[in-house]
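Participant: Contents of protein.cif (mmCIF, C-alpha atoms):
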data_entry
#
loop_
_atom_site.label_atom_id
_atom_site.label_comp_id
_atom_site.auth_asym_id
_atom_site.auth_seq_id
_atom_site.Cartn_x
_atom_site.Cartn_y
_atom_site.Cartn_z
CA MET A 16 0.00 0.00 0.00
CA ARG A 17 1.19 3.51 -0.83
CA GLU A 18 -0.09 6.71 0.79
CA LEU A 19 0.09 10.16 -0.76
CA GLN A 20 -0.52 13.39 1.12
CA VAL A 21 -2.18 16.20 -0.79
CA GLY A 22 -0.10 19.37 -0.71
CA ARG A 23 -1.10 22.97 -1.33
CA ASN A 24 -0.40 22.73 -5.05
CA ASP A 25 -2.34 19.46 -5.40
CA ALA A 26 -5.56 20.67 -3.79
CA LYS A 27 -8.84 21.66 -5.45
CA GLN A 28 -8.67 19.21 -8.31
CA ARG A 29 -10.51 16.00 -9.12
CA LEU A 30 -9.12 12.82 -7.61
CA ASP A 31 -8.81 11.08 -10.99
CA ARG A 32 -6.98 14.04 -12.55
CA PHE A 33 -4.56 14.19 -9.64
CA LEU A 34 -3.87 10.46 -9.96
CA ASN A 35 -3.34 10.78 -13.70
CA LYS A 36 -0.56 13.31 -13.04
CA VAL A 37 1.06 11.09 -10.41
CA PHE A 38 0.76 8.01 -12.65
CA PRO A 39 0.86 9.41 -16.21
CA LYS A 40 1.27 5.98 -17.82
CA ALA A 41 -1.98 4.71 -16.31
CA THR A 42 -5.13 4.87 -18.41
CA ALA A 43 -8.09 6.88 -17.15
CA SER A 44 -10.24 3.73 -17.24
CA PHE A 45 -7.74 1.83 -15.05
CA LEU A 46 -7.64 4.58 -12.41
CA GLN A 47 -11.43 4.89 -12.36
CA LYS A 48 -11.76 1.13 -12.01
CA MET A 49 -9.37 1.12 -9.03
CA ILE A 50 -11.42 3.90 -7.40
CA ARG A 51 -14.69 2.01 -7.98
CA GLN A 52 -13.19 -1.16 -6.51
CA LYS A 53 -12.10 0.79 -3.41
CA LYS A 54 -8.43 0.12 -4.09
CA ILE A 55 -7.93 3.87 -3.98
CA LYS A 56 -9.44 5.76 -1.04
CA VAL A 57 -9.26 9.25 0.43
CA ASN A 58 -8.70 9.44 4.19
CA LYS A 59 -9.44 5.68 4.26
CA LYS A 60 -12.94 6.29 2.96
CA ARG A 61 -14.51 5.47 -0.35
CA ALA A 62 -14.26 8.29 -2.90
CA GLU A 63 -15.53 9.05 -6.37
CA ALA A 64 -13.36 9.79 -9.40
CA ASN A 65 -14.71 13.35 -9.52
CA SER A 66 -14.22 14.01 -5.79
CA LEU A 67 -12.31 17.24 -5.12
CA ILE A 68 -9.26 16.65 -2.98
CA LYS A 69 -8.19 19.11 -0.26
CA GLU A 70 -4.84 20.11 1.18
CA GLY A 71 -3.93 17.64 3.90
CA ASP A 72 -6.02 14.78 2.50
CA ARG A 73 -4.32 11.39 2.52
CA ILE A 74 -4.85 9.10 -0.44
CA GLN A 75 -4.41 5.39 0.17
CA ILE A 76 -3.55 3.22 -2.84
CA TYR A 77 -3.98 -0.49 -2.12
CA LEU A 78 -1.83 -1.79 -4.96
CA TYR A 79 1.59 -3.45 -5.01
CA GLU A 80 4.61 -1.32 -5.85
CA GLU A 81 5.40 -3.54 -8.84
CA VAL A 82 2.06 -2.39 -10.25
CA LEU A 83 2.53 1.29 -9.44
CA VAL A 84 6.15 1.86 -10.45
CA PRO A 85 5.63 1.13 -14.19
CA LEU A 86 2.78 3.66 -14.18
CA GLU A 87 5.03 6.48 -13.00
CA GLU A 88 7.25 8.64 -15.14
CA LYS A 89 10.62 9.70 -13.88
CA ARG A 90 10.91 13.47 -14.10
CA VAL A 91 14.13 14.56 -15.74
CA ARG A 92 14.72 18.30 -15.61
CA PRO A 93 16.68 19.39 -18.68
CA LYS A 94 19.72 21.50 -17.99
CA THR A 95 19.49 25.00 -19.35
CA THR A 96 21.95 27.82 -19.91
CA LEU A 97 19.20 30.30 -20.78
CA HIS A 98 19.13 33.32 -18.45
CA LEU A 99 15.79 35.04 -18.05
CA SER A 100 15.04 38.69 -17.43
CA TYR A 101 12.07 39.39 -15.15
CA ALA A 102 9.88 42.46 -15.49
CA PHE A 103 8.03 41.62 -12.26
CA GLN A 104 7.63 38.81 -9.78
CA ASN A 105 6.15 38.04 -6.38
CA GLU A 106 5.56 34.81 -4.44
CA ASP A 107 2.73 33.75 -6.78
CA PHE A 108 3.85 34.53 -10.32
CA ALA A 109 6.54 36.02 -12.51
CA VAL A 110 6.40 38.18 -15.64
CA ILE A 111 9.27 37.18 -17.91
CA ASP A 112 10.70 39.55 -20.53
CA LYS A 113 11.38 37.03 -23.30
CA PRO A 114 14.07 37.78 -25.87
CA CYS A 115 13.45 37.34 -29.57
CA GLY A 116 14.45 33.94 -30.98
CA VAL A 117 13.59 31.87 -27.90
CA LEU A 118 10.73 29.37 -27.69
CA SER A 119 8.13 29.71 -24.95
CA HIS A 120 7.58 25.92 -24.78
CA PRO A 121 9.43 23.00 -26.37
CA ALA A 122 8.06 21.94 -29.76
CA ASN A 123 9.98 18.64 -29.66
CA SER A 124 12.59 16.82 -27.60
CA ALA A 125 15.43 18.72 -29.26
CA ASP A 126 14.12 21.92 -27.65
CA TYR A 127 14.34 20.68 -24.04
CA GLY A 128 16.51 23.00 -21.97
CA LYS A 129 16.27 25.83 -24.52
CA THR A 130 12.87 27.29 -23.69
CA VAL A 131 11.45 29.92 -21.36
CA VAL A 132 9.48 27.38 -19.34
CA ASP A 133 12.62 25.27 -18.77
CA ALA A 134 14.56 28.31 -17.60
CA LEU A 135 11.69 29.45 -15.35
CA ILE A 136 11.54 26.07 -13.61
CA SER A 137 15.33 26.06 -13.24
CA ASP A 138 15.28 29.53 -11.65
CA LEU A 139 12.50 28.57 -9.23
CA ILE A 140 14.37 25.42 -8.20
CA ALA A 141 17.53 27.49 -7.62
CA SER A 142 15.62 30.01 -5.48
CA GLY A 143 13.88 27.26 -3.48
CA GLU A 144 10.43 28.41 -4.61
CA TYR A 145 9.83 25.10 -6.36
CA VAL A 146 11.02 21.79 -4.89
CA PRO A 147 10.17 18.96 -7.33
CA ARG A 148 10.49 16.13 -4.81
CA LEU A 149 7.79 17.73 -2.64
CA GLU A 150 5.31 18.13 -5.50
CA LYS A 151 3.01 15.31 -6.57
CA SER A 152 1.31 16.95 -9.54
CA PHE A 153 2.20 20.63 -9.97
CA VAL A 154 4.89 22.03 -12.27
CA PRO A 155 5.34 25.80 -12.78
CA ALA A 156 3.83 26.81 -16.10
CA LEU A 157 3.30 29.70 -18.49
CA ILE A 158 -0.27 30.91 -18.90
CA ASN A 159 0.29 32.69 -22.22
CA ARG A 160 2.47 32.12 -25.27
CA LEU A 161 4.52 34.15 -27.71
CA ASP A 162 5.89 33.13 -31.10
CA MET A 163 9.59 32.30 -31.14
CA GLN A 164 10.46 35.57 -32.93
CA THR A 165 8.10 37.72 -30.83
CA ALA A 166 9.80 39.32 -27.84
CA GLY A 167 8.21 40.53 -24.63
CA LEU A 168 6.08 39.57 -21.69
CA LEU A 169 5.11 36.07 -20.58
CA VAL A 170 3.35 35.18 -17.33
CA GLY A 171 4.54 32.18 -15.33
CA ALA A 172 2.61 30.72 -12.38
CA LYS A 173 4.67 29.62 -9.38
CA ASN A 174 1.92 27.64 -7.63
CA HIS A 175 -1.33 25.88 -8.51
CA ARG A 176 -3.61 28.46 -6.89
CA ALA A 177 -2.00 31.31 -8.81
CA MET A 178 -2.19 29.32 -12.03
CA LEU A 179 -5.96 28.84 -11.67
CA ILE A 180 -6.51 32.53 -10.81
CA LEU A 181 -4.38 33.74 -13.72
CA GLN A 182 -5.95 31.33 -16.22
CA GLU A 183 -9.41 32.50 -15.21
CA ALA A 184 -8.36 36.15 -15.45
CA LEU A 185 -6.95 35.55 -18.93
CA ARG A 186 -10.19 33.89 -20.09
CA GLU A 187 -12.26 36.74 -18.68
CA GLY A 188 -10.13 39.47 -20.26
CA ARG A 189 -8.74 40.71 -16.95
CA ILE A 190 -5.19 40.42 -18.26
CA GLU A 191 -5.02 42.90 -21.11
CA LYS A 192 -2.23 42.32 -23.63
CA TYR A 193 -0.67 45.27 -25.46
CA TYR A 194 1.86 44.97 -28.29
CA LEU A 195 4.03 47.28 -30.35
CA ALA A 196 4.28 46.42 -34.03
CA TYR A 197 5.90 47.94 -37.10
CA VAL A 198 3.70 47.41 -40.14
CA GLU A 199 4.10 48.21 -43.81
CA GLY A 200 2.31 51.27 -45.17
CA CYS A 201 0.70 54.36 -43.70
CA VAL A 202 -1.79 53.79 -40.88
CA ASP A 203 -3.05 57.11 -39.53
CA GLN A 204 -6.31 56.19 -37.77
CA PRO A 205 -7.16 53.80 -34.92
CA ASP A 206 -9.46 50.91 -35.78
CA THR A 207 -10.52 47.38 -34.88
CA VAL A 208 -10.11 44.24 -36.98
CA ALA A 209 -12.95 41.76 -36.40
CA LEU A 210 -12.19 39.03 -38.91
CA PRO A 211 -12.61 35.33 -37.97
CA LEU A 212 -9.47 33.22 -38.27
CA ILE A 213 -8.84 29.57 -38.96
CA THR A 214 -5.48 27.91 -38.26
CA GLU A 215 -4.02 25.19 -40.49
CA ASN A 216 -0.46 23.84 -40.50
CA GLY A 217 0.66 26.48 -38.02
CA MET A 218 -0.59 29.43 -40.09
CA SER A 219 -3.77 31.48 -39.64
CA ARG A 220 -5.98 32.99 -42.31
CA VAL A 221 -9.29 34.80 -42.51
CA ASP A 222 -12.18 32.39 -42.96
CA ALA A 223 -15.91 32.85 -42.40
CA ASN A 224 -15.93 29.51 -40.55
CA GLY A 225 -13.05 30.46 -38.29
CA LYS A 226 -13.01 31.58 -34.66
CA ALA A 227 -14.08 35.10 -33.75
CA CYS A 228 -11.14 37.47 -33.22
CA LEU A 229 -10.81 41.10 -32.18
CA THR A 230 -7.65 43.16 -32.66
CA HIS A 231 -7.64 46.85 -31.68
CA TYR A 232 -4.89 49.12 -32.96
CA LYS A 233 -3.85 52.76 -32.91
CA PRO A 234 -0.93 54.47 -34.65
CA LEU A 235 1.92 55.88 -32.55
CA LEU A 236 4.11 56.88 -35.49
CA THR A 237 3.10 57.18 -39.13
CA ARG A 238 5.35 57.44 -42.17
CA SER A 239 4.64 56.87 -45.85
CA ARG A 240 6.34 53.45 -45.92
CA PHE A 241 5.69 52.18 -42.40
CA SER A 242 3.79 52.79 -39.16
CA LEU A 243 4.37 51.94 -35.52
CA LEU A 244 1.18 50.68 -33.89
CA GLU A 245 0.09 49.85 -30.38
CA ILE A 246 -2.16 46.80 -30.56
CA ARG A 247 -4.47 45.36 -27.93
CA LEU A 248 -5.74 41.83 -28.26
CA GLU A 249 -9.24 41.05 -27.06
CA THR A 250 -8.84 37.42 -28.11
CA GLY A 251 -5.71 35.32 -28.35
CA ARG A 252 -5.67 33.16 -31.48
CA THR A 253 -2.60 31.73 -33.17
CA HIS A 254 -0.73 34.47 -35.09
CA GLN A 255 -3.74 36.75 -34.60
CA ILE A 256 -1.87 40.05 -34.98
CA ARG A 257 0.18 38.80 -37.91
CA ALA A 258 -2.83 37.41 -39.79
CA HIS A 259 -5.12 40.37 -39.08
CA MET A 260 -2.61 43.03 -40.10
CA ALA A 261 -1.79 41.13 -43.28
CA ALA A 262 -5.50 40.79 -44.04
CA ILE A 263 -6.01 44.58 -44.00
CA GLY A 264 -2.99 45.18 -46.20
CA HIS A 265 -0.47 46.15 -43.51
CA PRO A 266 1.65 43.06 -42.76
CA LEU A 267 4.26 43.28 -40.03
CA ILE A 268 7.63 44.40 -41.33
CA GLY A 269 9.84 41.36 -41.79
CA ASP A 270 6.90 38.93 -41.67
CA ARG A 271 7.45 37.28 -45.04
CA ALA A 272 5.25 34.32 -44.10
CA TYR A 273 2.32 36.75 -44.08
CA GLY A 274 3.23 38.70 -47.20
CA ALA A 275 5.67 41.38 -46.03
CA GLN A 276 7.51 42.98 -48.96
CA TYR A 277 10.39 44.88 -47.35
CA ARG A 278 13.76 43.16 -47.81
CA LEU A 279 15.78 44.86 -45.09
CA GLN A 280 18.68 42.65 -44.01
CA GLU A 281 18.56 44.10 -40.49
CA PHE A 282 15.05 42.71 -39.94
CA LYS A 283 14.97 39.02 -40.80
CA HIS A 284 11.83 38.38 -38.72
CA HIS A 285 8.62 40.20 -37.88
CA LEU A 286 8.85 43.28 -35.67
CA LEU A 287 6.47 42.59 -32.80
CA LEU A 288 6.90 43.17 -29.06
CA SER A 289 4.55 42.27 -26.20
CA HIS A 290 5.35 45.48 -24.34
CA ARG A 291 2.65 45.83 -21.64
CA LEU A 292 0.34 43.66 -19.55
CA GLN A 293 -2.44 45.21 -17.51
CA PHE A 294 -3.81 43.08 -14.67
CA LEU A 295 -7.34 44.03 -13.63
CA ASN A 296 -9.04 43.15 -10.33
CA LEU A 297 -6.48 40.61 -9.21
CA GLU A 298 -6.52 41.46 -5.52
CA ALA A 299 -6.42 37.69 -4.86
CA LEU A 300 -2.77 37.86 -5.92
CA ALA A 301 -2.09 40.98 -3.83
CA LEU A 302 -2.19 43.34 -6.83
CA PRO A 303 -3.89 46.74 -6.95
CA GLU A 304 -7.10 47.11 -8.98
CA ARG A 305 -5.10 48.10 -12.07
CA PHE A 306 -1.52 46.90 -12.29
CA ASN A 307 0.73 47.41 -15.31
CA VAL A 308 3.95 45.60 -16.16
CA TYR A 309 6.16 46.92 -18.98
CA SER A 310 8.87 45.30 -21.05
CA GLU A 311 12.32 46.79 -20.67
CA LYS A 312 12.71 46.28 -24.42
CA THR A 313 10.11 48.97 -25.20
CA GLU A 314 12.47 51.92 -25.72
CA GLN A 315 14.89 49.92 -27.82
CA PHE A 316 12.03 48.61 -29.95
CA GLN A 317 10.64 52.10 -30.53
CA SER A 318 14.08 53.31 -31.61
CA LEU A 319 14.01 50.88 -34.55
CA SER A 320 11.98 53.56 -36.36
CA LYS A 321 15.23 55.43 -37.03
CA GLN A 322 16.66 52.46 -38.91
CA LEU A 323 13.43 52.08 -40.86
CA GLU A 324 13.43 55.76 -41.77
CA ARG A 325 17.00 55.44 -43.10
CA GLY A 326 15.97 52.31 -44.98
CA LYS A 327 19.40 50.76 -44.51
CA GLY A 328 19.89 47.02 -44.72
#
Starting from the coordinates I provided, produce the structure as structure tokens.
Facilitator:
Amino acid sequence: MRELQVGRNDAKQRLDRFLNKVFPKATASFLQKMIRQKKIKVNKKRAEANSLIKEGDRIQIYLYEEVLVPLEEKRVRPKTTLHLSYAFQNEDFAVIDKPCGVLSHPANSADYGKTVVDALISDLIASGEYVPRLEKSFVPALINRLDMQTAGLLVGAKNHRAMLILQEALREGRIEKYYLAYVEGCVDQPDTVALPLITENGMSRVDANGKACLTHYKPLLTRSRFSLLEIRLETGRTHQIRAHMAAIGHPLIGDRAYGAQYRLQEFKHHLLLSHRLQFLNLEALALPERFNVYSEKTEQFQSLSKQLERGKG
């Protein structure tokens, strides 16, 4: 028999989902069968698969170790040499200022140790804020994503409670995402793009059968050949900004995948920066009613206009 104690980061989730994280190689049907047959109990009492577990609960598993061990997965933390810059952090979450050219999450095994999430976990282990051997199911995670070539702000949850609060806030629009983007052509009026997008093979395009999307933009600098825009996303679809701006005839400079025409050698990728996050009504995480976090890359990004005006490359 094995007994597991539910920690702070394991609480407030279904019993079967918790067990699936502890024993990732077990099928859902197997775990549910063991619960029905009373071979898995909570506080020595019969439980249901959908029972919510609480901090301090003890889960008894009446199975031999030779059955349980093959169902586990040894966690191997990839070594990373990536050093992160933090725009803000407290005991619950961190706002990472991601550099251009770095993945948020691994796309395949070759990426392990080279991503923001790997470096975040490594930093939290080094600071003692995350101790893997004490955690049964929780791993620090990012709640938003950025393309590899998009720089700027990512939010990482340090504990399960914060992750749930931040995910809910993101769904409800209480984490407002603002970007700076250089686009081709003259844009001299603010507007909103409300074109549905569909994603296929990693690219998004306008399609009447796609998902609803809203992109608000306003010009900060306007020239005949290019404009600097501040963009606020009301939804968060794959490549939403890139696809929407291309659809209205103003693709991001350097974004050849979405039709950009400029061939400036200095800008081999799209010019997009997640420069501000505004957290609204997140007092549960000890934040004021409106709390803004800014990327330190903002000034440098804005200064790229001088290179664009010279047209050198």
Participant: Provide the atom CA of A:Val154 to atom CA of A:Lys53 distance in Å, to one decimal place.
Facilitator: 28.6 Å
Participant: Leaving out A:Leu235 and any residue of its chain fewer than 5 positions from it, which residues lie within 7 Å of it when counting all atoms listed in the file, given as a list in words?
Facilitator: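 Those residues are Leu243, Leu244 and Glu245 of chain A.
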Participant: What residues come out when you apply the PyMOL selection byres ((chain A and resi 307-313) around 9) to this file, written as a list in words?
Facilitator: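 On this input, the PyMOL selection byres ((chain A and resi 307-313) around 9) captures Tyr101, Ala102, Phe103, Val110, Ile111, Asp112, Lys113, Pro114, Ala166, Gly167, Leu168, Leu195, Leu288, Ser289, His290, Arg291, Leu292, Gln293, Phe294, Leu295, Arg305, Phe306, Glu314, Gln315, Phe316, Gln317 and Ser318 of chain A.
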Participant: Which one of A:Val221, A:Ala41, A:Leu157, A:Val132 sits closest to A:Glu87 if you count all atoms listed in the file?
Facilitator: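 Between A:Val221, A:Ala41, A:Leu157, A:Val132, the residue approaching A:Glu87 most closely is A:Ala41.
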Participant: What is the atom CA of A:Leu229-atom CA of A:Thr214 distance in Å, reported with one decimal?
Facilitator: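 A separation of 15.5 Å between them.
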Participant: With the PyMOL selection byres ((chain A and resi 119-128) around 10) as the selection, what would be picked from this file? Answer as a ChimeraX atom specification, please.
Facilitator: /A:92-97,113,116-118,129-134,137,156-157,159-163,165,169
Participant: Please save C-alpha atoms of the selected residues as a compact mmCIF listing (two decimals), keeping the file's coordinate frame.
Facilitator:
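again-v7.txt written:
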# COMPACT_ATOMS: atom_id res chain seq x y z
CA ARG A 92 14.72 18.30 -15.61
CA PRO A 93 16.68 19.39 -18.68
CA LYS A 94 19.72 21.50 -17.99
CA THR A 95 19.49 25.00 -19.35
CA THR A 96 21.95 27.82 -19.91
CA LEU A 97 19.20 30.30 -20.78
CA LYS A 113 11.38 37.03 -23.30
CA GLY A 116 14.45 33.94 -30.98
CA VAL A 117 13.59 31.87 -27.90
CA LEU A 118 10.73 29.37 -27.69
CA LYS A 129 16.27 25.83 -24.52
CA THR A 130 12.87 27.29 -23.69
CA VAL A 131 11.45 29.92 -21.36
CA VAL A 132 9.48 27.38 -19.34
CA ASP A 133 12.62 25.27 -18.77
CA ALA A 134 14.56 28.31 -17.60
CA SER A 137 15.33 26.06 -13.24
CA ALA A 156 3.83 26.81 -16.10
CA LEU A 157 3.30 29.70 -18.49
CA ASN A 159 0.29 32.69 -22.22
CA ARG A 160 2.47 32.12 -25.27
CA LEU A 161 4.52 34.15 -27.71
CA ASP A 162 5.89 33.13 -31.10
CA MET A 163 9.59 32.30 -31.14
CA THR A 165 8.10 37.72 -30.83
CA LEU A 169 5.11 36.07 -20.58
Participant: Closest to A:Asp203 among A:Asp222, A:Met178, A:Arg32, A:Tyr232, using only C-alpha atoms?
Facilitator: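 Closest to A:Asp203, using only C-alpha atoms: A:Tyr232.
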Participant: Go through A:Asn24, A:Glu81, A:His284, A:Thr253 and flag the residue nearest A:Val146, using all atoms listed in the file for the distances.
Facilitator: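 For A:Val146, the nearest of the given residues is A:Asn24.
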Participant: For the file shown, report as a list in words the outcome of the PyMOL selection byres ((chain A and resi 67-78) around 8) at residue level.
Facilitator: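 Selected by the PyMOL selection byres ((chain A and resi 67-78) around 8) in this file: Met16, Arg17, Glu18, Leu19, Gln20, Val21, Gly22, Arg23, Asp25, Ala26, Lys27, Gln28, Arg29, Leu30, Lys54, Ile55, Lys56, Val57, Asn58, Lys59, Asn65, Ser66, Tyr79, Glu80, Val82 and Leu83 of chain A.
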Participant: Measuring atom to atom with all atoms listed in the file, identify which of A:Leu139, A:Leu179, A:Ala227, A:Ala196 is nearest to A:Gly251.
Facilitator: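 Among A:Leu139, A:Leu179, A:Ala227, A:Ala196, it is A:Ala227 that comes nearest to A:Gly251.
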Participant: Report the distance between atom CA of A:Thr250 and atom CA of A:Cys228 in Å, rounded to one decimal place.
Facilitator: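 That distance, rounded to one decimal, is 5.6 Å.
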Participant: Which one is closest to A:Leu34: A:Lys321, A:Lys151, A:His265, A:Arg220? Count only C-alpha atoms.
Facilitator: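 Comparing A:Lys321, A:Lys151, A:His265, A:Arg220 against A:Leu34, the winner is A:Lys151.
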Participant: Taking 6 positions as the minimum chain separation for residues in the same chain, which residues sit within 8 Å of A:Gly269 when counting all atoms listed in the file? Answer as a PyMOL selection string.
Facilitator: chain A and resi 275-279+282-286
Participant: Closest to A:Asn224 among A:Cys201, A:Ile140, A:Leu210, A:Ala261, using only C-alpha atoms?
Facilitator: A:Leu210
Participant: Let me have the centre and edge lengths in Å, one decimal, of the box along x, y and z around every listed atom of stretch 152-156 of chain A with 3 Å of margin on each side, as JSON.
Facilitator:
{"center_x": 3.3, "center_y": 21.9, "center_z": -12.8, "size_x": 10.0, "size_y": 15.9, "size_z": 12.6}
Participant: Identify the residues within 8 Å of coordinate (-6.0, 51.1, -36.2) (same frame as the file), considering only C-alpha atoms, and give the answer as a VMD selection string.
Facilitator: chain A and resid 202 to 207 231 to 234 244
Participant: Because the input lacks atoms here, generate all heavy atoms for stretch 134-142 of chain A and report them as a compact mmCIF listing (two decimals), in the coordinates of the input.
Facilitator:
# COMPACT_ATOMS: atom_id res chain seq x y z
N ALA A 134 13.75 27.37 -18.37
CA ALA A 134 14.56 28.31 -17.60
C ALA A 134 13.81 28.82 -16.37
O ALA A 134 14.41 29.01 -15.30
CB ALA A 134 14.99 29.48 -18.48
N LEU A 135 12.50 29.03 -16.50
CA LEU A 135 11.69 29.45 -15.35
C LEU A 135 11.73 28.41 -14.25
O LEU A 135 11.97 28.73 -13.07
CB LEU A 135 10.24 29.70 -15.79
CG LEU A 135 9.24 29.96 -14.67
CD1 LEU A 135 9.57 31.26 -13.95
CD2 LEU A 135 7.81 30.00 -15.21
N ILE A 136 11.51 27.15 -14.60
CA ILE A 136 11.54 26.07 -13.61
C ILE A 136 12.91 25.98 -12.96
O ILE A 136 13.03 25.84 -11.75
CB ILE A 136 11.16 24.73 -14.27
CG1 ILE A 136 9.68 24.76 -14.69
CG2 ILE A 136 11.42 23.56 -13.32
CD1 ILE A 136 9.25 23.58 -15.53
N SER A 137 13.96 26.10 -13.77
CA SER A 137 15.33 26.06 -13.24
C SER A 137 15.58 27.19 -12.23
O SER A 137 16.16 26.97 -11.17
CB SER A 137 16.34 26.15 -14.39
OG SER A 137 17.66 26.15 -13.92
N ASP A 138 15.11 28.38 -12.56
CA ASP A 138 15.28 29.53 -11.65
C ASP A 138 14.52 29.32 -10.35
O ASP A 138 15.01 29.67 -9.26
CB ASP A 138 14.81 30.81 -12.33
CG ASP A 138 15.78 31.31 -13.39
OD1 ASP A 138 16.88 30.75 -13.50
OD2 ASP A 138 15.41 32.27 -14.11
N LEU A 139 13.31 28.77 -10.43
CA LEU A 139 12.50 28.57 -9.23
C LEU A 139 13.08 27.46 -8.35
O LEU A 139 12.98 27.51 -7.13
CB LEU A 139 11.06 28.24 -9.62
CG LEU A 139 10.29 29.38 -10.30
CD1 LEU A 139 8.89 28.93 -10.69
CD2 LEU A 139 10.22 30.61 -9.39
N ILE A 140 13.69 26.45 -8.97
CA ILE A 140 14.37 25.42 -8.20
C ILE A 140 15.57 26.03 -7.48
O ILE A 140 15.81 25.78 -6.29
CB ILE A 140 14.81 24.26 -9.11
CG1 ILE A 140 13.59 23.47 -9.59
CG2 ILE A 140 15.77 23.32 -8.37
CD1 ILE A 140 13.91 22.40 -10.62
N ALA A 141 16.33 26.87 -8.21
CA ALA A 141 17.53 27.49 -7.62
C ALA A 141 17.17 28.41 -6.46
O ALA A 141 17.92 28.50 -5.47
CB ALA A 141 18.29 28.26 -8.69
N SER A 142 16.03 29.08 -6.54
CA SER A 142 15.62 30.01 -5.48
C SER A 142 14.90 29.30 -4.33
O SER A 142 14.63 29.92 -3.30
CB SER A 142 14.70 31.09 -6.06
OG SER A 142 13.45 30.54 -6.46
